[in-house]
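K.L.:
Below you'll find entry.cif; it's mmCIF, C-alpha atoms.
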data_run
#
loop_
_atom_site.label_atom_id
_atom_site.label_comp_id
_atom_site.auth_asym_id
_atom_site.auth_seq_id
_atom_site.Cartn_x
_atom_site.Cartn_y
_atom_site.Cartn_z
CA MET A 1 -136.02 22.02 -59.31
CA LYS A 2 -136.61 24.89 -61.72
CA PRO A 3 -139.95 26.71 -61.30
CA PHE A 4 -141.05 25.93 -64.85
CA GLU A 5 -140.84 22.17 -64.32
CA VAL A 6 -143.73 20.05 -63.00
CA SER A 7 -141.70 16.92 -62.41
CA ASN A 8 -138.02 16.21 -62.14
CA ILE A 9 -136.55 12.80 -61.42
CA GLN A 10 -132.93 11.83 -60.89
CA ASP A 11 -131.23 8.43 -61.07
CA LEU A 12 -134.47 6.49 -61.20
CA ARG A 13 -134.05 2.72 -61.11
CA LEU A 14 -136.69 0.05 -60.79
CA PHE A 15 -136.10 -3.68 -60.61
CA ARG A 16 -138.47 -6.61 -61.19
CA GLY A 17 -136.70 -9.31 -59.25
CA LYS A 18 -133.12 -8.93 -60.45
CA ARG A 19 -134.05 -7.47 -63.84
CA LEU A 20 -133.59 -3.73 -64.26
CA VAL A 21 -136.80 -2.50 -65.93
CA LEU A 22 -136.28 1.27 -65.61
CA ASP A 23 -133.02 3.17 -65.62
CA ILE A 24 -133.59 6.90 -66.06
CA PRO A 25 -130.64 9.11 -65.00
CA HIS A 26 -132.62 12.32 -65.42
CA LEU A 27 -136.03 13.39 -66.67
CA ALA A 28 -137.52 16.86 -66.33
CA ILE A 29 -140.98 17.70 -67.62
CA LYS A 30 -141.52 21.35 -68.35
CA LEU A 31 -144.69 23.18 -67.41
CA GLY A 32 -147.29 23.53 -70.16
CA THR A 33 -145.55 21.22 -72.62
CA VAL A 34 -146.64 18.03 -74.32
CA THR A 35 -143.98 15.35 -74.37
CA ILE A 36 -144.45 12.23 -76.43
CA LEU A 37 -142.93 9.12 -74.93
CA SER A 38 -142.37 6.79 -77.82
CA GLY A 39 -141.25 3.19 -77.68
CA PRO A 40 -142.21 -0.35 -78.61
CA ASN A 41 -144.38 -2.60 -76.47
CA GLY A 42 -142.59 -3.68 -73.31
CA SER A 43 -140.10 -0.80 -73.42
CA GLY A 44 -141.16 0.57 -70.01
CA LYS A 45 -143.54 3.38 -71.03
CA THR A 46 -146.39 2.32 -68.75
CA THR A 47 -144.04 1.62 -65.85
CA LEU A 48 -142.42 5.04 -66.14
CA LEU A 49 -145.80 6.76 -66.28
CA LYS A 50 -147.00 4.84 -63.22
CA VAL A 51 -143.83 5.72 -61.32
CA LEU A 52 -144.36 9.40 -62.19
CA ALA A 53 -147.97 9.15 -60.98
CA GLY A 54 -146.89 7.58 -57.71
CA LEU A 55 -148.64 4.28 -58.46
CA ILE A 56 -145.40 2.27 -58.50
CA LYS A 57 -142.56 2.73 -56.04
CA ALA A 58 -139.07 3.00 -57.51
CA ASP A 59 -136.16 1.16 -55.94
CA GLU A 60 -133.72 4.04 -56.32
CA GLY A 61 -133.92 7.68 -57.26
CA THR A 62 -135.24 11.01 -56.12
CA PHE A 63 -138.31 12.97 -57.08
CA LYS A 64 -138.76 16.68 -57.10
CA SER A 65 -142.06 18.42 -57.55
CA ALA A 66 -143.14 22.05 -57.72
CA THR A 67 -143.75 22.33 -53.98
CA GLN A 68 -141.74 19.50 -52.50
CA GLU A 69 -138.01 19.70 -53.11
CA ILE A 70 -136.95 16.10 -52.70
CA SER A 71 -138.74 12.91 -51.90
CA SER A 72 -137.34 9.42 -51.62
CA THR A 73 -138.00 6.51 -53.95
CA THR A 74 -141.77 6.92 -53.73
CA ALA A 75 -143.33 9.73 -55.69
CA PRO A 76 -144.53 12.43 -53.29
CA LYS A 77 -148.05 11.89 -51.91
CA GLU A 78 -149.13 15.20 -53.40
CA PHE A 79 -148.75 13.59 -56.85
CA SER A 80 -151.98 11.70 -56.12
CA GLY A 81 -154.71 13.84 -57.66
CA SER A 82 -152.25 16.21 -59.37
CA HIS A 83 -150.13 13.87 -61.52
CA LEU A 84 -152.97 11.95 -63.12
CA TYR A 85 -152.42 8.66 -64.90
CA LEU A 86 -154.91 7.53 -67.56
CA HIS A 87 -154.92 3.83 -68.40
CA GLN A 88 -154.66 2.44 -71.89
CA VAL A 89 -158.19 1.11 -71.38
CA ALA A 90 -159.96 3.65 -69.22
CA TYR A 91 -161.58 2.39 -66.03
CA MET A 92 -165.07 3.66 -65.35
CA PHE A 93 -166.48 3.44 -61.84
CA SER A 94 -169.96 1.98 -61.57
CA GLY A 95 -172.52 4.77 -61.79
CA THR A 96 -173.21 7.50 -64.28
CA VAL A 97 -170.79 9.77 -66.12
CA VAL A 98 -171.65 12.49 -63.59
CA ASP A 99 -170.75 10.11 -60.73
CA ASN A 100 -167.39 9.49 -62.39
CA LEU A 101 -166.66 13.19 -62.82
CA ALA A 102 -167.63 13.83 -59.21
CA PHE A 103 -165.26 11.17 -57.84
CA GLY A 104 -162.04 13.22 -57.64
CA LEU A 105 -163.88 16.37 -56.56
CA LYS A 106 -165.44 14.48 -53.63
CA GLN A 107 -161.98 13.32 -52.56
CA ARG A 108 -160.98 16.99 -52.42
CA LYS A 109 -164.08 17.70 -50.29
CA TYR A 110 -165.60 20.29 -52.61
CA ASP A 111 -169.13 21.35 -51.66
CA SER A 112 -171.99 20.00 -53.76
CA SER A 113 -172.77 23.28 -55.56
CA THR A 114 -169.13 23.63 -56.69
CA ILE A 115 -169.13 19.98 -57.80
CA LYS A 116 -172.31 20.51 -59.86
CA LEU A 117 -170.92 23.65 -61.49
CA LYS A 118 -167.57 22.08 -62.35
CA ILE A 119 -169.25 18.97 -63.77
CA LYS A 120 -171.56 21.10 -65.93
CA GLN A 121 -168.64 23.14 -67.28
CA THR A 122 -166.50 20.07 -67.92
CA LEU A 123 -169.29 18.17 -69.69
CA GLU A 124 -169.78 21.19 -71.95
CA TRP A 125 -166.02 21.42 -72.58
CA ALA A 126 -165.88 17.76 -73.61
CA SER A 127 -169.25 17.89 -75.47
CA LEU A 128 -170.45 15.02 -73.30
CA THR A 129 -173.55 16.67 -71.81
CA HIS A 130 -175.81 14.24 -73.69
CA LEU A 131 -174.10 11.33 -71.88
CA ALA A 132 -174.26 12.88 -68.39
CA TYR A 133 -176.68 10.35 -66.88
CA ARG A 134 -175.66 7.31 -68.90
CA GLU A 135 -174.13 4.34 -67.07
CA ALA A 136 -170.41 4.98 -67.62
CA LYS A 137 -169.52 1.30 -68.04
CA SER A 138 -172.04 0.98 -70.88
CA LEU A 139 -170.29 3.61 -73.04
CA SER A 140 -168.08 2.78 -76.01
CA THR A 141 -164.29 2.66 -75.57
CA GLY A 142 -163.89 6.05 -77.25
CA GLU A 143 -166.58 7.64 -75.08
CA GLN A 144 -165.05 6.12 -71.95
CA HIS A 145 -161.68 7.67 -72.83
CA GLN A 146 -163.33 11.03 -73.37
CA VAL A 147 -165.03 10.72 -69.97
CA ALA A 148 -161.67 9.76 -68.45
CA LEU A 149 -160.04 12.87 -69.98
CA ALA A 150 -162.90 15.02 -68.66
CA ARG A 151 -162.62 13.32 -65.24
CA ALA A 152 -158.92 14.22 -65.22
CA ARG A 153 -159.33 17.78 -66.51
CA ILE A 154 -161.94 18.62 -63.87
CA LEU A 155 -159.20 18.20 -61.23
CA GLU A 156 -156.95 20.74 -62.97
CA PRO A 157 -153.93 18.42 -62.83
CA GLN A 158 -150.31 19.59 -62.84
CA LEU A 159 -149.34 16.72 -65.08
CA LEU A 160 -151.45 14.37 -67.19
CA LEU A 161 -149.89 10.99 -67.95
CA LEU A 162 -151.65 9.46 -70.95
CA ASP A 163 -150.94 5.80 -71.62
CA GLU A 164 -151.63 4.97 -75.27
CA THR A 165 -154.94 6.75 -74.90
CA THR A 166 -155.91 6.44 -78.54
CA ALA A 167 -155.24 2.71 -78.84
CA HIS A 168 -158.31 0.46 -79.25
CA MET A 169 -160.31 3.27 -80.88
CA ASP A 170 -161.97 3.63 -84.25
CA LYS A 171 -161.00 6.57 -86.45
CA SER A 172 -163.79 8.96 -85.44
CA ALA A 173 -163.27 8.34 -81.72
CA ARG A 174 -159.53 8.82 -82.24
CA ILE A 175 -160.05 12.18 -83.98
CA ARG A 176 -162.40 13.31 -81.19
CA THR A 177 -159.93 12.22 -78.48
CA TYR A 178 -156.98 13.96 -80.18
CA GLN A 179 -159.10 17.10 -80.32
CA LEU A 180 -159.72 16.90 -76.54
CA ILE A 181 -155.99 16.39 -75.93
CA LYS A 182 -155.21 19.42 -78.11
CA ASP A 183 -157.80 21.44 -76.17
CA LEU A 184 -156.05 20.41 -72.97
CA GLN A 185 -152.75 21.47 -74.51
CA ASN A 186 -154.24 24.86 -75.41
CA ASP A 187 -155.45 25.17 -71.79
CA GLY A 188 -151.80 24.82 -70.75
CA VAL A 189 -152.07 21.34 -69.22
CA THR A 190 -148.70 19.59 -69.05
CA MET A 191 -148.86 16.14 -70.62
CA LEU A 192 -146.70 13.11 -71.12
CA PHE A 193 -148.22 10.95 -73.85
CA ALA A 194 -146.95 7.39 -74.16
CA THR A 195 -147.43 5.75 -77.52
CA HIS A 196 -145.95 3.25 -79.94
CA GLU A 197 -147.80 4.72 -82.90
CA GLU A 198 -146.31 7.16 -85.41
CA GLU A 199 -149.71 8.83 -85.79
CA SER A 200 -149.64 10.37 -82.30
CA GLN A 201 -146.34 12.07 -83.08
CA HIS A 202 -147.87 13.71 -86.13
CA GLU A 203 -151.11 14.68 -84.36
CA LEU A 204 -149.56 16.23 -81.25
CA ASP A 205 -147.23 19.16 -81.14
CA GLY A 206 -144.47 18.33 -78.70
CA ALA A 207 -141.00 16.99 -78.13
CA THR A 208 -140.48 13.26 -78.48
CA LEU A 209 -138.61 11.10 -75.99
CA ARG A 210 -137.67 7.61 -77.07
CA ILE A 211 -137.55 4.75 -74.63
CA ALA A 212 -136.27 1.20 -75.12
CA ASN A 213 -135.53 -1.50 -72.57
CA GLY A 214 -136.35 0.92 -69.75
CA LYS A 215 -133.81 3.52 -70.87
CA LEU A 216 -134.35 6.91 -72.50
CA LEU A 217 -132.44 7.12 -75.76
CA MET B 1 -193.32 -42.28 -45.62
CA ILE B 2 -196.71 -41.22 -44.19
CA GLU B 3 -195.07 -40.75 -40.80
CA SER B 4 -192.40 -38.53 -42.33
CA GLU B 5 -195.02 -36.46 -44.13
CA SER B 6 -197.09 -36.00 -40.99
CA ALA B 7 -193.92 -35.03 -39.09
CA ILE B 8 -193.16 -32.34 -41.70
CA PHE B 9 -196.72 -30.95 -41.47
CA ALA B 10 -196.49 -31.02 -37.66
CA ALA B 11 -193.20 -29.14 -37.87
CA ILE B 12 -194.73 -26.49 -40.14
CA ARG B 13 -197.69 -26.17 -37.74
CA LEU B 14 -195.21 -25.76 -34.89
CA LEU B 15 -193.45 -22.92 -36.69
CA ILE B 16 -196.69 -21.17 -37.66
CA SER B 17 -198.09 -21.48 -34.14
CA GLY B 18 -195.24 -19.27 -32.90
CA ASP B 19 -193.96 -21.83 -30.38
CA GLN B 20 -191.87 -19.81 -27.91
CA ALA B 21 -189.10 -22.42 -27.48
CA VAL B 22 -188.63 -22.91 -31.24
CA TRP B 23 -188.57 -19.19 -32.04
CA SER B 24 -186.20 -18.53 -29.13
CA ILE B 25 -183.77 -21.03 -30.68
CA ILE B 26 -184.11 -19.34 -34.07
CA GLY B 27 -183.58 -15.94 -32.42
CA VAL B 28 -180.38 -17.10 -30.69
CA SER B 29 -179.05 -18.48 -33.99
CA PHE B 30 -179.58 -15.21 -35.82
CA ALA B 31 -178.40 -12.98 -32.95
CA VAL B 32 -175.13 -14.91 -32.66
CA SER B 33 -174.33 -15.57 -36.32
CA LEU B 34 -175.29 -12.12 -37.62
CA ARG B 35 -173.14 -10.43 -34.98
CA ALA B 36 -170.27 -12.82 -35.71
CA VAL B 37 -170.31 -12.11 -39.46
CA LEU B 38 -170.63 -8.35 -38.85
CA ILE B 39 -167.60 -8.43 -36.54
CA ALA B 40 -165.54 -10.65 -38.86
CA SER B 41 -166.32 -8.86 -42.15
CA PRO B 42 -164.39 -5.56 -41.85
CA PHE B 43 -161.26 -7.34 -40.62
CA ALA B 44 -161.55 -10.14 -43.19
CA LEU B 45 -162.13 -7.72 -46.08
CA CYS B 46 -159.10 -5.61 -45.08
CA ILE B 47 -156.83 -8.68 -44.87
CA ALA B 48 -158.15 -10.00 -48.20
CA PHE B 49 -157.52 -6.61 -49.79
CA LEU B 50 -153.96 -6.45 -48.45
CA LEU B 51 -153.28 -9.98 -49.68
CA ALA B 52 -154.54 -9.10 -53.16
CA TYR B 53 -153.11 -5.60 -53.62
CA LYS B 54 -149.98 -5.33 -51.49
CA SER B 55 -146.78 -7.31 -51.46
CA PHE B 56 -145.21 -7.75 -48.04
CA ILE B 57 -143.01 -10.21 -46.24
CA GLY B 58 -145.03 -13.22 -45.07
CA ARG B 59 -147.80 -12.73 -47.63
CA ARG B 60 -147.52 -16.27 -48.99
CA PHE B 61 -147.40 -17.70 -45.49
CA LEU B 62 -150.53 -15.74 -44.53
CA LEU B 63 -152.33 -17.06 -47.62
CA THR B 64 -151.36 -20.63 -46.73
CA LEU B 65 -152.45 -20.06 -43.12
CA VAL B 66 -155.84 -18.72 -44.23
CA ASN B 67 -156.39 -21.69 -46.53
CA THR B 68 -155.38 -24.07 -43.75
CA LEU B 69 -157.64 -22.43 -41.16
CA MET B 70 -160.56 -22.73 -43.58
CA SER B 71 -160.50 -26.49 -43.22
CA VAL B 72 -160.08 -26.66 -39.45
CA PRO B 73 -163.10 -28.58 -38.01
CA THR B 74 -165.44 -26.41 -35.97
CA VAL B 75 -165.07 -28.73 -32.97
CA VAL B 76 -161.33 -27.99 -32.93
CA VAL B 77 -162.09 -24.24 -32.86
CA GLY B 78 -164.60 -24.95 -30.07
CA LEU B 79 -162.09 -27.03 -28.16
CA THR B 80 -159.45 -24.29 -28.40
CA ILE B 81 -161.82 -21.61 -27.12
CA TYR B 82 -163.07 -23.98 -24.42
CA LEU B 83 -159.51 -24.53 -23.17
CA VAL B 84 -158.88 -20.77 -23.12
CA LEU B 85 -162.13 -19.86 -21.34
CA SER B 86 -162.49 -22.85 -18.98
CA ARG B 87 -161.57 -22.72 -15.29
CA ASN B 88 -157.88 -23.43 -15.88
CA GLY B 89 -157.56 -21.39 -19.08
CA ILE B 90 -155.91 -18.00 -19.47
CA GLY B 91 -159.30 -16.39 -20.15
CA ALA B 92 -161.11 -17.95 -17.17
CA ASP B 93 -161.52 -14.59 -15.42
CA LEU B 94 -163.60 -13.31 -18.31
CA HIS B 95 -166.41 -15.77 -17.35
CA LEU B 96 -167.44 -16.12 -20.98
CA LEU B 97 -167.82 -19.89 -21.21
CA PHE B 98 -171.38 -20.97 -22.07
CA THR B 99 -172.40 -17.48 -23.18
CA GLN B 100 -173.42 -16.05 -26.53
CA THR B 101 -170.18 -14.02 -26.51
CA ALA B 102 -168.15 -17.24 -26.48
CA MET B 103 -170.25 -18.54 -29.37
CA ILE B 104 -169.67 -15.30 -31.29
CA ILE B 105 -165.90 -15.54 -30.71
CA GLY B 106 -165.94 -19.10 -32.04
CA GLN B 107 -168.06 -18.24 -35.06
CA VAL B 108 -165.88 -15.21 -35.87
CA LEU B 109 -162.84 -17.52 -35.92
CA ILE B 110 -164.68 -20.03 -38.12
CA CYS B 111 -166.03 -17.62 -40.74
CA THR B 112 -163.05 -15.21 -40.97
CA PRO B 113 -160.72 -17.50 -43.00
CA LEU B 114 -163.53 -18.40 -45.40
CA ILE B 115 -164.48 -14.74 -45.96
CA ILE B 116 -160.79 -13.81 -46.42
CA ALA B 117 -160.23 -16.60 -48.97
CA MET B 118 -163.37 -15.83 -50.99
CA ALA B 119 -162.90 -12.05 -50.81
CA HIS B 120 -159.23 -12.44 -51.80
CA SER B 121 -160.30 -14.41 -54.85
CA THR B 122 -162.85 -11.69 -55.71
CA PHE B 123 -160.25 -8.93 -55.31
CA GLN B 124 -157.76 -10.89 -57.45
CA SER B 125 -160.24 -11.40 -60.27
CA GLY B 126 -161.35 -7.76 -60.11
CA ASP B 127 -159.88 -5.03 -62.28
CA GLN B 128 -156.66 -3.66 -60.76
CA LYS B 129 -157.36 -0.43 -62.63
CA ALA B 130 -160.16 0.44 -60.19
CA TYR B 131 -157.65 0.85 -57.36
CA GLU B 132 -155.14 2.75 -59.49
CA THR B 133 -157.81 5.04 -60.92
CA ALA B 134 -159.14 5.87 -57.45
CA LYS B 135 -155.61 6.53 -56.21
CA THR B 136 -154.57 8.70 -59.15
CA LEU B 137 -157.76 10.74 -58.79
CA GLY B 138 -156.64 11.69 -55.30
CA ALA B 139 -158.31 9.09 -53.07
CA SER B 140 -156.45 8.16 -49.88
CA PRO B 141 -155.36 4.50 -49.52
CA LEU B 142 -158.42 3.84 -47.31
CA ALA B 143 -160.79 5.62 -49.71
CA SER B 144 -159.22 3.71 -52.62
CA MET B 145 -159.82 0.41 -50.81
CA LEU B 146 -163.43 1.35 -50.06
CA THR B 147 -163.89 2.28 -53.73
CA VAL B 148 -162.63 -1.15 -54.82
CA ILE B 149 -164.95 -2.81 -52.26
CA LYS B 150 -167.86 -0.83 -53.70
CA GLU B 151 -166.89 -1.81 -57.24
CA LEU B 152 -166.69 -5.51 -56.30
CA ARG B 153 -169.64 -5.47 -53.89
CA PHE B 154 -171.56 -8.31 -55.56
CA GLY B 155 -168.67 -10.77 -55.37
CA LEU B 156 -167.81 -9.66 -51.85
CA LEU B 157 -171.45 -10.05 -50.79
CA ALA B 158 -171.21 -13.69 -51.89
CA ALA B 159 -168.16 -14.08 -49.61
CA LEU B 160 -170.06 -12.65 -46.65
CA ILE B 161 -173.09 -14.85 -47.33
CA ALA B 162 -170.85 -17.92 -47.58
CA GLY B 163 -169.31 -17.00 -44.22
CA PHE B 164 -172.75 -16.57 -42.67
CA SER B 165 -173.99 -19.85 -44.15
CA ARG B 166 -171.01 -21.66 -42.66
CA ILE B 167 -171.59 -20.42 -39.10
CA ILE B 168 -175.41 -20.49 -38.99
CA ALA B 169 -175.20 -24.23 -39.67
CA GLU B 170 -172.17 -25.18 -37.54
CA VAL B 171 -172.78 -27.32 -34.49
CA GLY B 172 -169.41 -28.35 -33.04
CA CYS B 173 -168.11 -25.04 -31.69
CA SER B 174 -171.52 -23.74 -30.55
CA MET B 175 -172.16 -26.92 -28.61
CA MET B 176 -168.76 -26.83 -26.85
CA VAL B 177 -168.52 -23.17 -25.91
CA GLY B 178 -172.24 -22.33 -25.77
CA GLY B 179 -173.38 -25.32 -23.76
CA ASN B 180 -176.78 -25.60 -25.52
CA ILE B 181 -178.68 -23.69 -22.79
CA LEU B 182 -182.32 -23.00 -23.75
CA ASP B 183 -183.15 -19.32 -24.38
CA ARG B 184 -179.48 -18.39 -23.98
CA THR B 185 -177.10 -20.41 -26.13
CA ARG B 186 -179.27 -23.03 -27.84
CA ASN B 187 -179.20 -22.34 -31.55
CA ILE B 188 -180.70 -24.21 -34.49
CA PRO B 189 -177.93 -26.79 -35.11
CA THR B 190 -177.38 -27.62 -31.42
CA ALA B 191 -181.14 -27.86 -30.89
CA ILE B 192 -181.54 -30.23 -33.87
CA ALA B 193 -178.75 -32.44 -32.46
CA LEU B 194 -180.37 -32.46 -29.01
CA GLU B 195 -183.97 -33.01 -30.14
CA THR B 196 -182.95 -35.78 -32.52
CA SER B 197 -181.06 -37.55 -29.73
CA LYS B 198 -184.24 -37.34 -27.63
CA GLY B 199 -186.36 -38.73 -30.46
CA GLU B 200 -188.24 -35.37 -30.85
CA PHE B 201 -188.08 -35.30 -34.62
CA ILE B 202 -190.82 -32.70 -35.14
CA ILE B 203 -188.83 -29.86 -33.53
CA GLY B 204 -185.71 -31.07 -35.37
CA ILE B 205 -187.56 -31.04 -38.70
CA ALA B 206 -189.09 -27.60 -37.97
CA LEU B 207 -185.66 -26.16 -37.29
CA GLY B 208 -184.25 -27.97 -40.33
CA ILE B 209 -186.97 -26.33 -42.46
CA VAL B 210 -185.90 -22.93 -41.10
CA LEU B 211 -182.24 -23.61 -42.02
CA VAL B 212 -183.07 -24.84 -45.53
CA SER B 213 -185.47 -21.91 -46.10
CA LEU B 214 -182.82 -19.51 -44.90
CA THR B 215 -180.27 -20.94 -47.32
CA MET B 216 -182.78 -20.58 -50.14
CA ILE B 217 -183.59 -16.97 -49.19
CA LEU B 218 -179.90 -16.08 -49.01
CA ASN B 219 -179.32 -17.57 -52.45
CA VAL B 220 -182.31 -15.72 -53.89
CA VAL B 221 -180.97 -12.45 -52.41
CA LEU B 222 -177.48 -13.19 -53.75
CA ASN B 223 -178.80 -14.05 -57.22
CA TYR B 224 -180.86 -10.87 -57.23
CA PHE B 225 -177.88 -8.66 -56.40
CA GLN B 226 -175.49 -10.53 -58.68
CA GLY B 227 -178.07 -10.21 -61.43
CA SER B 228 -178.03 -6.45 -60.85
CA GLY B 229 -174.29 -6.46 -61.35
CA GLU B 230 -174.23 -8.51 -64.52
CA ILE B 231 -172.14 -7.35 -67.44
CA LYS B 232 -174.36 -5.77 -70.04
#
Take the structure in the file and write it out as structure tokens.

P.N.:
Amino acid sequence: MKPFEVSNIQDLRLFRGKRLVLDIPHLAIKLGTVTILSGPNGSGKTTLLKVLAGLIKADEGTFKSATQEISSTTAPKEFSGSHLYLHQVAYMFSGTVVDNLAFGLKQRKYDSSTIKLKIKQTLEWASLTHLAYREAKSLSTGEQHQVALARARILEPQLLLLDETTAHMDKSARIRTYQLIKDLQNDGVTMLFATHEEESQHELDGATLRIANGKLL
Amino acid sequence: MIESESAIFAAIRLLISGDQAVWSIIGVSFAVSLRAVLIASPFALCIAFLLAYKSFIGRRFLLTLVNTLMSVPTVVVGLTIYLVLSRNGIGADLHLLFTQTAMIIGQVLICTPLIIAMAHSTFQSGDQKAYETAKTLGASPLASMLTVIKELRFGLLAALIAGFSRIIAEVGCSMMVGGNILDRTRNIPTAIALETSKGEFIIGIALGIVLVSLTMILNVVLNYFQGSGEIK
């Protein structure tokens, strides 16, 4: 794999029963870029993102990552925590916004003073300080997505896989979320943004990949 | 009717007076059933989680087996353990027959399928995104499972309480493998059966009151916690 790529997959195939749902001969995601994955509902966007995040095991294919040359059909374990997948409807763990931001850091065994500092900085970055001690599940959909983006950013991911992040949002929440995504882009975070909306392609500056019936066009 | 009322008051007086025999029976019941549910729970929760979140060969068979074992009568479980632990059984050398350990083994076998089935249903109805979110944020498979358990704790607590309720009130297995020995293996259900057969209704009613009160307390506790977890 080339050093400026964060993910590189070859001959990826995934079946559901006998039906071929993903057939990607080659996909390389370049470091620091935003790639828009565009396609209609049911085209395989979510499945591809989950395969790249290591949440779904492929039936055939090889993965390459920055530090691991080749893995088998499962995405390398190191993808967990570095290739972050964000659901279409963000999931908030029970507890406060701070508890949610601390989750990934605790998995990485950071000490409590580092966790506090990183949370403070991230809340300020996302302008969510006023929500710090609110019950995360009680927030609006837009706020939950912003917390989810902050929860991902705090882990300094190699690749952020955003699954129709701006769906189910009102206009103001959508504008705010796009701004956070652009801030992430300016920070050099590599992103793959799945969408079926034209708007995302206008809002984000990046190459567009089209997918239909599990195949890149 | 008057006789029944006076028997109930006599039973309450017996409980309040701290009668050693009655409280020993209650103590045995709790010691055995609490240990059984504590032993069964981690295993049952892991199996329920695997059934809900992983696909593997034999999964459907395991589900069918769990559902079948749920309806096995407790006397059949007792009989099986009795045959294993009795003089001619393969576990005879363990000398466990008519001990609390034998009762615990029996109660673990009785409550495990019920806890698995209820916990599986809770895991299935829970949000799959919790597991995926934990995993993508870097949690190990074990840490991801514990996160899901924490997220679904109120539903899973109901499964554990149901398992406990089933074994605290079962008589068949305890009678067969425990032997109903006072201060050692006599628990509330076996004592009620014995005292009733002797015509000693007051002790039977006193122990019945304890069982009913316990059920009520467990339900109050469950409602309290489930109330805390309500969707707002």

K.L.:
Step by step, gather every atom of range 17-22 of chain B that the file lists, find the box along x, y and z that holds them, add 8 Å on each side, and finally give centre and edge lengths in Å to one decimal, as JSON.

P.N.:
{"center_x": -193.4, "center_y": -21.1, "center_z": -30.8, "size_x": 25.5, "size_y": 19.6, "size_z": 22.7}

K.L.:
Ile192 in chain B: which residues within 8 Å, counting all atoms listed in the file, same-chain residues fewer than 4 positions away excluded, as a PyMOL selection string?

P.N.:
chain B and resi 188+196+203-205+207-208

K.L.:
Please evaluate the PyMOL selection byres ((chain B) within 6 of (chain A)) against the displayed coordinates and give the resulting residues as a list in words.

P.N.:
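After applying the PyMOL selection byres ((chain B) within 6 of (chain A)), what remains is Thr136, Leu137, Gly138 and Ala139 of chain B.
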
K.L.:
Env of Leu128 in chain A: 10 Å cut, atoms = only C-alpha atoms, seq-sep filter 4 positions within chain, self excluded. Answer as JSON, numbers by chain.

P.N.:
{"A": [97, 120, 122, 123, 124, 132, 143, 146, 147, 150]}

K.L.:
Could you tell me which of A:Leu49, A:Leu27, A:Ile119, A:Leu217 comes closest to Glu5 in chain A if we count only C-alpha atoms?

P.N.:
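Result for the nearest residue to Glu5 in chain A: A:Leu27.
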
K.L.:
To one decimal in Å, tell me the separation between CA of Thr190 in chain B and CA of Pro113 in chain B.

P.N.:
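CA of Pro113 in chain B lies 22.7 Å from CA of Thr190 in chain B.
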
K.L.:
Rounded to one decimal place, report the CA of Gly27 in chain B-CA of Asn187 in chain B distance in Å.

P.N.:
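Computing it gives 7.8 Å between the two atoms.
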
K.L.:
Pull range 176-198 of chain B out of the block and emit C-alpha atoms, as an mmCIF file, in the first residue's frame.

P.N.:
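Below you can see part-v8.cif, which holds the result:
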data_model
loop_
_atom_site.group_PDB
_atom_site.id
_atom_site.type_symbol
_atom_site.label_atom_id
_atom_site.label_comp_id
_atom_site.auth_asym_id
_atom_site.auth_seq_id
_atom_site.Cartn_x
_atom_site.Cartn_y
_atom_site.Cartn_z
ATOM 1 C CA MET B 176 -34.710 -34.944 45.680
ATOM 2 C CA VAL B 177 -31.089 -33.835 45.856
ATOM 3 C CA GLY B 178 -31.211 -31.884 49.131
ATOM 4 C CA GLY B 179 -33.117 -34.421 51.187
ATOM 5 C CA ASN B 180 -34.985 -31.785 53.262
ATOM 6 C CA ILE B 181 -32.558 -31.971 56.230
ATOM 7 C CA LEU B 182 -33.288 -29.316 58.891
ATOM 8 C CA ASP B 183 -30.635 -26.583 59.207
ATOM 9 C CA ARG B 184 -28.770 -27.989 56.203
ATOM 10 C CA THR B 185 -30.916 -28.500 53.121
ATOM 11 C CA ARG B 186 -34.462 -27.664 54.204
ATOM 12 C CA ASN B 187 -35.569 -24.605 52.278
ATOM 13 C CA ILE B 188 -38.878 -22.759 52.160
ATOM 14 C CA PRO B 189 -40.698 -24.860 49.503
ATOM 15 C CA THR B 190 -39.577 -28.241 50.890
ATOM 16 C CA ALA B 191 -40.444 -27.110 54.421
ATOM 17 C CA ILE B 192 -43.934 -25.985 53.332
ATOM 18 C CA ALA B 193 -44.495 -29.381 51.673
ATOM 19 C CA LEU B 194 -43.319 -31.220 54.794
ATOM 20 C CA GLU B 195 -45.184 -29.099 57.365
ATOM 21 C CA THR B 196 -48.402 -29.240 55.359
ATOM 22 C CA SER B 197 -48.166 -33.038 55.148
ATOM 23 C CA LYS B 198 -47.788 -33.079 58.947
#
